[in-house]
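Q: First, the structure itself, so that you have it in front of you.
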Amino acid sequence: MSFPVLVDRASDLARVLGFRIVPSGFFVDSEGIVRYRHVHDFDVADPRVRWNLERFLAGEATQPPDSEGTMDPGALERFAEGFALYADGQEEEAIAVWRAALDLDPDNFVIRSQIWAAEHPEHFWPAVDREWQELQLLKEGYDKPLP
C-alpha cells in the first residue's frame, strides 16, 4: 500500500491536527474530515492501525487510540522559525531557536528529534537509529515513558 508523506516545515498541520511526535497518521475522508487520528508511534503495520484503516476504507467508524496532548502554540511558532533559519543555511541559529521551542514544550519529540537530526545526521540518514534516540533521551534526562 502506498500513501503520501508530508514534511510539515512550517508546522501548519501540527498546529491544526495537534501532534507532538512523528510519524503521526490521519485518515481524512473525501470531504476533508479527519476520521482517524493517531499521533503517537503511528505504524501502518500495527494491527490496531490496520483494523482502523480497514474500517475507515469500508466507511465504518474507527476507534481512536489514547488521546495525546497538542503542541504548545509558542513552541510551534519557534519550530517554524527554526525551519526558516535552517532552510536559509543558518544551522546554529536554527538549533538555538529549536532549543527555545523545546524549553516551551519539553515532551515534544518532533522538536527534539529535529535538533538531533541537525546535530547528528548520521543517526537519521540513511536510516533512523531508534536505539540511539532512546539512549539520547536517557542522556538528556527525559524522565517519562519513551515515545
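By order in the C-alpha cells, chains are A, B, ...; within a chain, residues start at 1; ligands start at 1, following the order shown.
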Give me the range 45-87 of chain A side of the contact with range 112-135 of chain A, cut-off 10 Å, one line per residue showing its nearest atom pair and distance in Å at one decimal, counting only C-alpha atoms, sorted by chain and residue number, as a tab-separated table.
A:
residue	atom	partner	partner_atom	distance
A:Phe79	CA	A:Gln114	CA	9.2
A:Gly82	CA	A:Gln114	CA	9.8
A:Phe83	CA	A:Gln114	CA	9.4
A:Tyr86	CA	A:Ala118	CA	8.9
Q: Where does DSSP see strand (DSSP E) in range 5-100 of chain A, if you list the residues as an NGL selection string?
A: :A and (25-28 or 34-38)
Q: Next, the residues of the selection above should be written as a PDB file, in the first residue's frame with N, CA and C atoms.
A:
ATOM      1  N   GLY A  25      -0.352   9.728  12.105  1.00  0.00           N
ATOM      2  CA  GLY A  25      -1.200   9.310  10.989  1.00  0.00           C
ATOM      3  C   GLY A  25      -2.612   9.834  11.130  1.00  0.00           C
ATOM      4  N   PHE A  26      -3.202  10.166   9.991  1.00  0.00           N
ATOM      5  CA  PHE A  26      -4.558  10.683   9.952  1.00  0.00           C
ATOM      6  C   PHE A  26      -5.272  10.080   8.754  1.00  0.00           C
ATOM      7  N   PHE A  27      -6.500   9.690   8.948  1.00  0.00           N
ATOM      8  CA  PHE A  27      -7.341   9.242   7.843  1.00  0.00           C
ATOM      9  C   PHE A  27      -8.347  10.357   7.613  1.00  0.00           C
ATOM     10  N   VAL A  28      -8.323  10.921   6.414  1.00  0.00           N
ATOM     11  CA  VAL A  28      -9.180  12.048   6.072  1.00  0.00           C
ATOM     12  C   VAL A  28     -10.105  11.612   4.951  1.00  0.00           C
ATOM     13  N   VAL A  34     -11.330  14.716   9.275  1.00  0.00           N
ATOM     14  CA  VAL A  34     -10.423  13.746   9.886  1.00  0.00           C
ATOM     15  C   VAL A  34     -11.274  12.697  10.596  1.00  0.00           C
ATOM     16  N   ARG A  35     -11.166  11.448  10.138  1.00  0.00           N
ATOM     17  CA  ARG A  35     -11.956  10.354  10.709  1.00  0.00           C
ATOM     18  C   ARG A  35     -11.140   9.485  11.667  1.00  0.00           C
ATOM     19  N   TYR A  36      -9.842   9.620  11.606  1.00  0.00           N
ATOM     20  CA  TYR A  36      -8.970   8.849  12.495  1.00  0.00           C
ATOM     21  C   TYR A  36      -7.711   9.665  12.710  1.00  0.00           C
ATOM     22  N   ARG A  37      -7.258   9.710  13.949  1.00  0.00           N
ATOM     23  CA  ARG A  37      -6.086  10.499  14.317  1.00  0.00           C
ATOM     24  C   ARG A  37      -5.240   9.650  15.255  1.00  0.00           C
ATOM     25  N   HIS A  38      -4.003   9.394  14.847  1.00  0.00           N
ATOM     26  CA  HIS A  38      -3.081   8.599  15.661  1.00  0.00           C
ATOM     27  C   HIS A  38      -1.781   9.385  15.733  1.00  0.00           C
TER      28      HIS A  38
END
Q: For Leu104 in chain A, find every residue with an atom within 12 Å (counting only C-alpha atoms), except residues of its own chain fewer than 2 positions away, and show them as a list in words.
A: Met71, Asp72, Pro73, Gly74, Ala75, Leu76, Glu77, Arg78, Phe79, Val97, Trp98, Arg99, Ala100, Ala101, Leu102, Pro106, Asp107, Asn108, Ile111 and Arg112 of chain A
Q: Find the residues near Thr62 in chain A: any atom within 7 Å, counting only C-alpha atoms, skip ones fewer than 4 places away on the same chain, and give them as an mmCIF file with C-alpha atoms, in the first residue's frame.
A:
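Full text of around_22.cif as output:
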data_model
loop_
_atom_site.group_PDB
_atom_site.id
_atom_site.type_symbol
_atom_site.label_atom_id
_atom_site.label_comp_id
_atom_site.auth_asym_id
_atom_site.auth_seq_id
_atom_site.Cartn_x
_atom_site.Cartn_y
_atom_site.Cartn_z
ATOM 1 C CA TYR A 36 -8.970 8.849 12.495
ATOM 2 C CA ASN A 52 -8.969 1.088 11.830
ATOM 3 C CA ARG A 55 -12.953 0.173 8.926
ATOM 4 C CA PHE A 56 -12.226 3.642 7.503
#
Q: As a VMD selection string, list the residues of range 33-121 of chain A assigned to helix (DSSP H, G or I) by DSSP on the backbone atoms of this structure.
A: chain A and resid 47 to 57 73 to 87 91 to 104 109 to 119 121
Q: Could you turn the residues from that selection into a file that holds N, CA and C atoms, as a short mmCIF file (atom, residue, chain, number, x, y, z; two decimals), in the first residue's frame?
A:
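Output saved as result37.cif:
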data_model
loop_
_atom_site.label_atom_id
_atom_site.label_comp_id
_atom_site.auth_asym_id
_atom_site.auth_seq_id
_atom_site.Cartn_x
_atom_site.Cartn_y
_atom_site.Cartn_z
N PRO A 47 -1.38 -3.74 14.15
CA PRO A 47 -2.70 -4.34 13.91
C PRO A 47 -3.86 -3.40 14.25
N ARG A 48 -3.70 -2.55 15.27
CA ARG A 48 -4.76 -1.59 15.63
C ARG A 48 -4.96 -0.57 14.52
N VAL A 49 -3.86 -0.11 13.94
CA VAL A 49 -3.96 0.85 12.85
C VAL A 49 -4.58 0.18 11.62
N ARG A 50 -4.13 -1.05 11.31
CA ARG A 50 -4.68 -1.78 10.16
C ARG A 50 -6.18 -2.00 10.33
N TRP A 51 -6.60 -2.37 11.54
CA TRP A 51 -8.01 -2.60 11.81
C TRP A 51 -8.80 -1.33 11.56
N ASN A 52 -8.30 -0.19 12.05
CA ASN A 52 -8.97 1.09 11.83
C ASN A 52 -8.94 1.50 10.37
N LEU A 53 -7.85 1.22 9.68
CA LEU A 53 -7.77 1.54 8.26
C LEU A 53 -8.82 0.76 7.48
N GLU A 54 -8.95 -0.52 7.76
CA GLU A 54 -9.96 -1.33 7.08
C GLU A 54 -11.36 -0.78 7.34
N ARG A 55 -11.64 -0.40 8.58
CA ARG A 55 -12.95 0.17 8.93
C ARG A 55 -13.16 1.50 8.20
N PHE A 56 -12.13 2.35 8.18
CA PHE A 56 -12.23 3.64 7.50
C PHE A 56 -12.52 3.45 6.02
N LEU A 57 -11.77 2.55 5.37
CA LEU A 57 -11.96 2.31 3.94
C LEU A 57 -13.34 1.72 3.63
N PRO A 73 1.48 26.37 21.39
CA PRO A 73 1.47 27.31 20.25
C PRO A 73 2.77 28.09 20.11
N GLY A 74 3.37 28.52 21.22
CA GLY A 74 4.64 29.23 21.14
C GLY A 74 5.75 28.35 20.62
N ALA A 75 5.73 27.08 21.02
CA ALA A 75 6.72 26.13 20.52
C ALA A 75 6.55 25.91 19.02
N LEU A 76 5.30 25.85 18.57
CA LEU A 76 5.03 25.70 17.13
C LEU A 76 5.62 26.87 16.34
N GLU A 77 5.42 28.07 16.85
CA GLU A 77 5.95 29.25 16.16
C GLU A 77 7.47 29.21 16.09
N ARG A 78 8.10 28.86 17.18
CA ARG A 78 9.56 28.80 17.19
C ARG A 78 10.08 27.66 16.31
N PHE A 79 9.35 26.54 16.31
CA PHE A 79 9.74 25.42 15.46
C PHE A 79 9.75 25.85 13.99
N ALA A 80 8.69 26.54 13.57
CA ALA A 80 8.61 27.02 12.18
C ALA A 80 9.70 28.05 11.90
N GLU A 81 9.96 28.93 12.86
CA GLU A 81 11.02 29.93 12.72
C GLU A 81 12.38 29.24 12.54
N GLY A 82 12.61 28.19 13.31
CA GLY A 82 13.85 27.43 13.18
C GLY A 82 13.99 26.80 11.81
N PHE A 83 12.90 26.29 11.26
CA PHE A 83 12.97 25.70 9.92
C PHE A 83 13.33 26.74 8.88
N ALA A 84 12.78 27.95 9.01
CA ALA A 84 13.12 29.01 8.07
C ALA A 84 14.60 29.34 8.15
N LEU A 85 15.13 29.43 9.36
CA LEU A 85 16.56 29.69 9.53
C LEU A 85 17.40 28.56 8.94
N TYR A 86 16.99 27.33 9.22
CA TYR A 86 17.73 26.17 8.73
C TYR A 86 17.74 26.14 7.19
N ALA A 87 16.58 26.42 6.60
CA ALA A 87 16.49 26.44 5.14
C ALA A 87 17.35 27.55 4.55
N GLU A 91 22.25 27.17 10.37
CA GLU A 91 22.05 25.97 11.18
C GLU A 91 22.16 26.22 12.68
N GLU A 92 23.20 26.92 13.12
CA GLU A 92 23.37 27.17 14.55
C GLU A 92 22.23 27.99 15.13
N GLU A 93 21.80 29.01 14.37
CA GLU A 93 20.69 29.84 14.82
C GLU A 93 19.40 29.02 14.89
N ALA A 94 19.20 28.15 13.90
CA ALA A 94 18.01 27.29 13.88
C ALA A 94 17.98 26.38 15.10
N ILE A 95 19.12 25.78 15.41
CA ILE A 95 19.18 24.88 16.57
C ILE A 95 18.89 25.64 17.86
N ALA A 96 19.38 26.86 17.97
CA ALA A 96 19.12 27.67 19.16
C ALA A 96 17.62 27.97 19.29
N VAL A 97 16.97 28.27 18.19
CA VAL A 97 15.53 28.55 18.22
C VAL A 97 14.77 27.27 18.56
N TRP A 98 15.19 26.13 17.99
CA TRP A 98 14.52 24.86 18.31
C TRP A 98 14.70 24.52 19.79
N ARG A 99 15.85 24.83 20.36
CA ARG A 99 16.05 24.57 21.79
C ARG A 99 15.11 25.44 22.63
N ALA A 100 14.89 26.68 22.20
CA ALA A 100 13.93 27.55 22.90
C ALA A 100 12.52 26.97 22.78
N ALA A 101 12.20 26.41 21.63
CA ALA A 101 10.89 25.77 21.44
C ALA A 101 10.76 24.55 22.35
N LEU A 102 11.83 23.79 22.47
CA LEU A 102 11.81 22.61 23.33
C LEU A 102 11.67 23.00 24.80
N ASP A 103 12.24 24.13 25.18
CA ASP A 103 12.05 24.62 26.54
C ASP A 103 10.57 24.88 26.83
N LEU A 104 9.83 25.33 25.82
CA LEU A 104 8.40 25.59 25.99
C LEU A 104 7.58 24.31 26.02
N PHE A 109 8.58 15.43 20.95
CA PHE A 109 9.58 14.61 20.26
C PHE A 109 9.88 15.11 18.85
N VAL A 110 8.94 15.81 18.21
CA VAL A 110 9.20 16.37 16.88
C VAL A 110 10.34 17.38 16.97
N ILE A 111 10.24 18.29 17.93
CA ILE A 111 11.28 19.31 18.09
C ILE A 111 12.60 18.67 18.49
N ARG A 112 12.54 17.80 19.47
CA ARG A 112 13.75 17.14 19.98
C ARG A 112 14.47 16.39 18.86
N SER A 113 13.72 15.63 18.08
CA SER A 113 14.37 14.85 17.02
C SER A 113 14.89 15.73 15.89
N GLN A 114 14.27 16.91 15.67
CA GLN A 114 14.79 17.82 14.66
C GLN A 114 16.15 18.37 15.08
N ILE A 115 16.29 18.68 16.35
CA ILE A 115 17.58 19.13 16.87
C ILE A 115 18.62 18.03 16.67
N TRP A 116 18.26 16.81 17.06
CA TRP A 116 19.19 15.69 16.90
C TRP A 116 19.57 15.49 15.44
N ALA A 117 18.59 15.58 14.54
CA ALA A 117 18.87 15.36 13.11
C ALA A 117 19.85 16.39 12.58
N ALA A 118 19.75 17.63 13.07
CA ALA A 118 20.68 18.67 12.63
C ALA A 118 22.07 18.46 13.22
N GLU A 119 22.11 18.03 14.50
CA GLU A 119 23.39 17.85 15.17
C GLU A 119 24.04 16.49 14.90
N PRO A 121 23.30 13.98 12.06
CA PRO A 121 22.62 13.43 10.88
C PRO A 121 22.94 11.96 10.62
#
Q: In Å, how far is it from CA of Leu13 in chain A to CA of Gln136 in chain A?
A: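 Separation of CA of Leu13 in chain A and CA of Gln136 in chain A: 26.7 Å.
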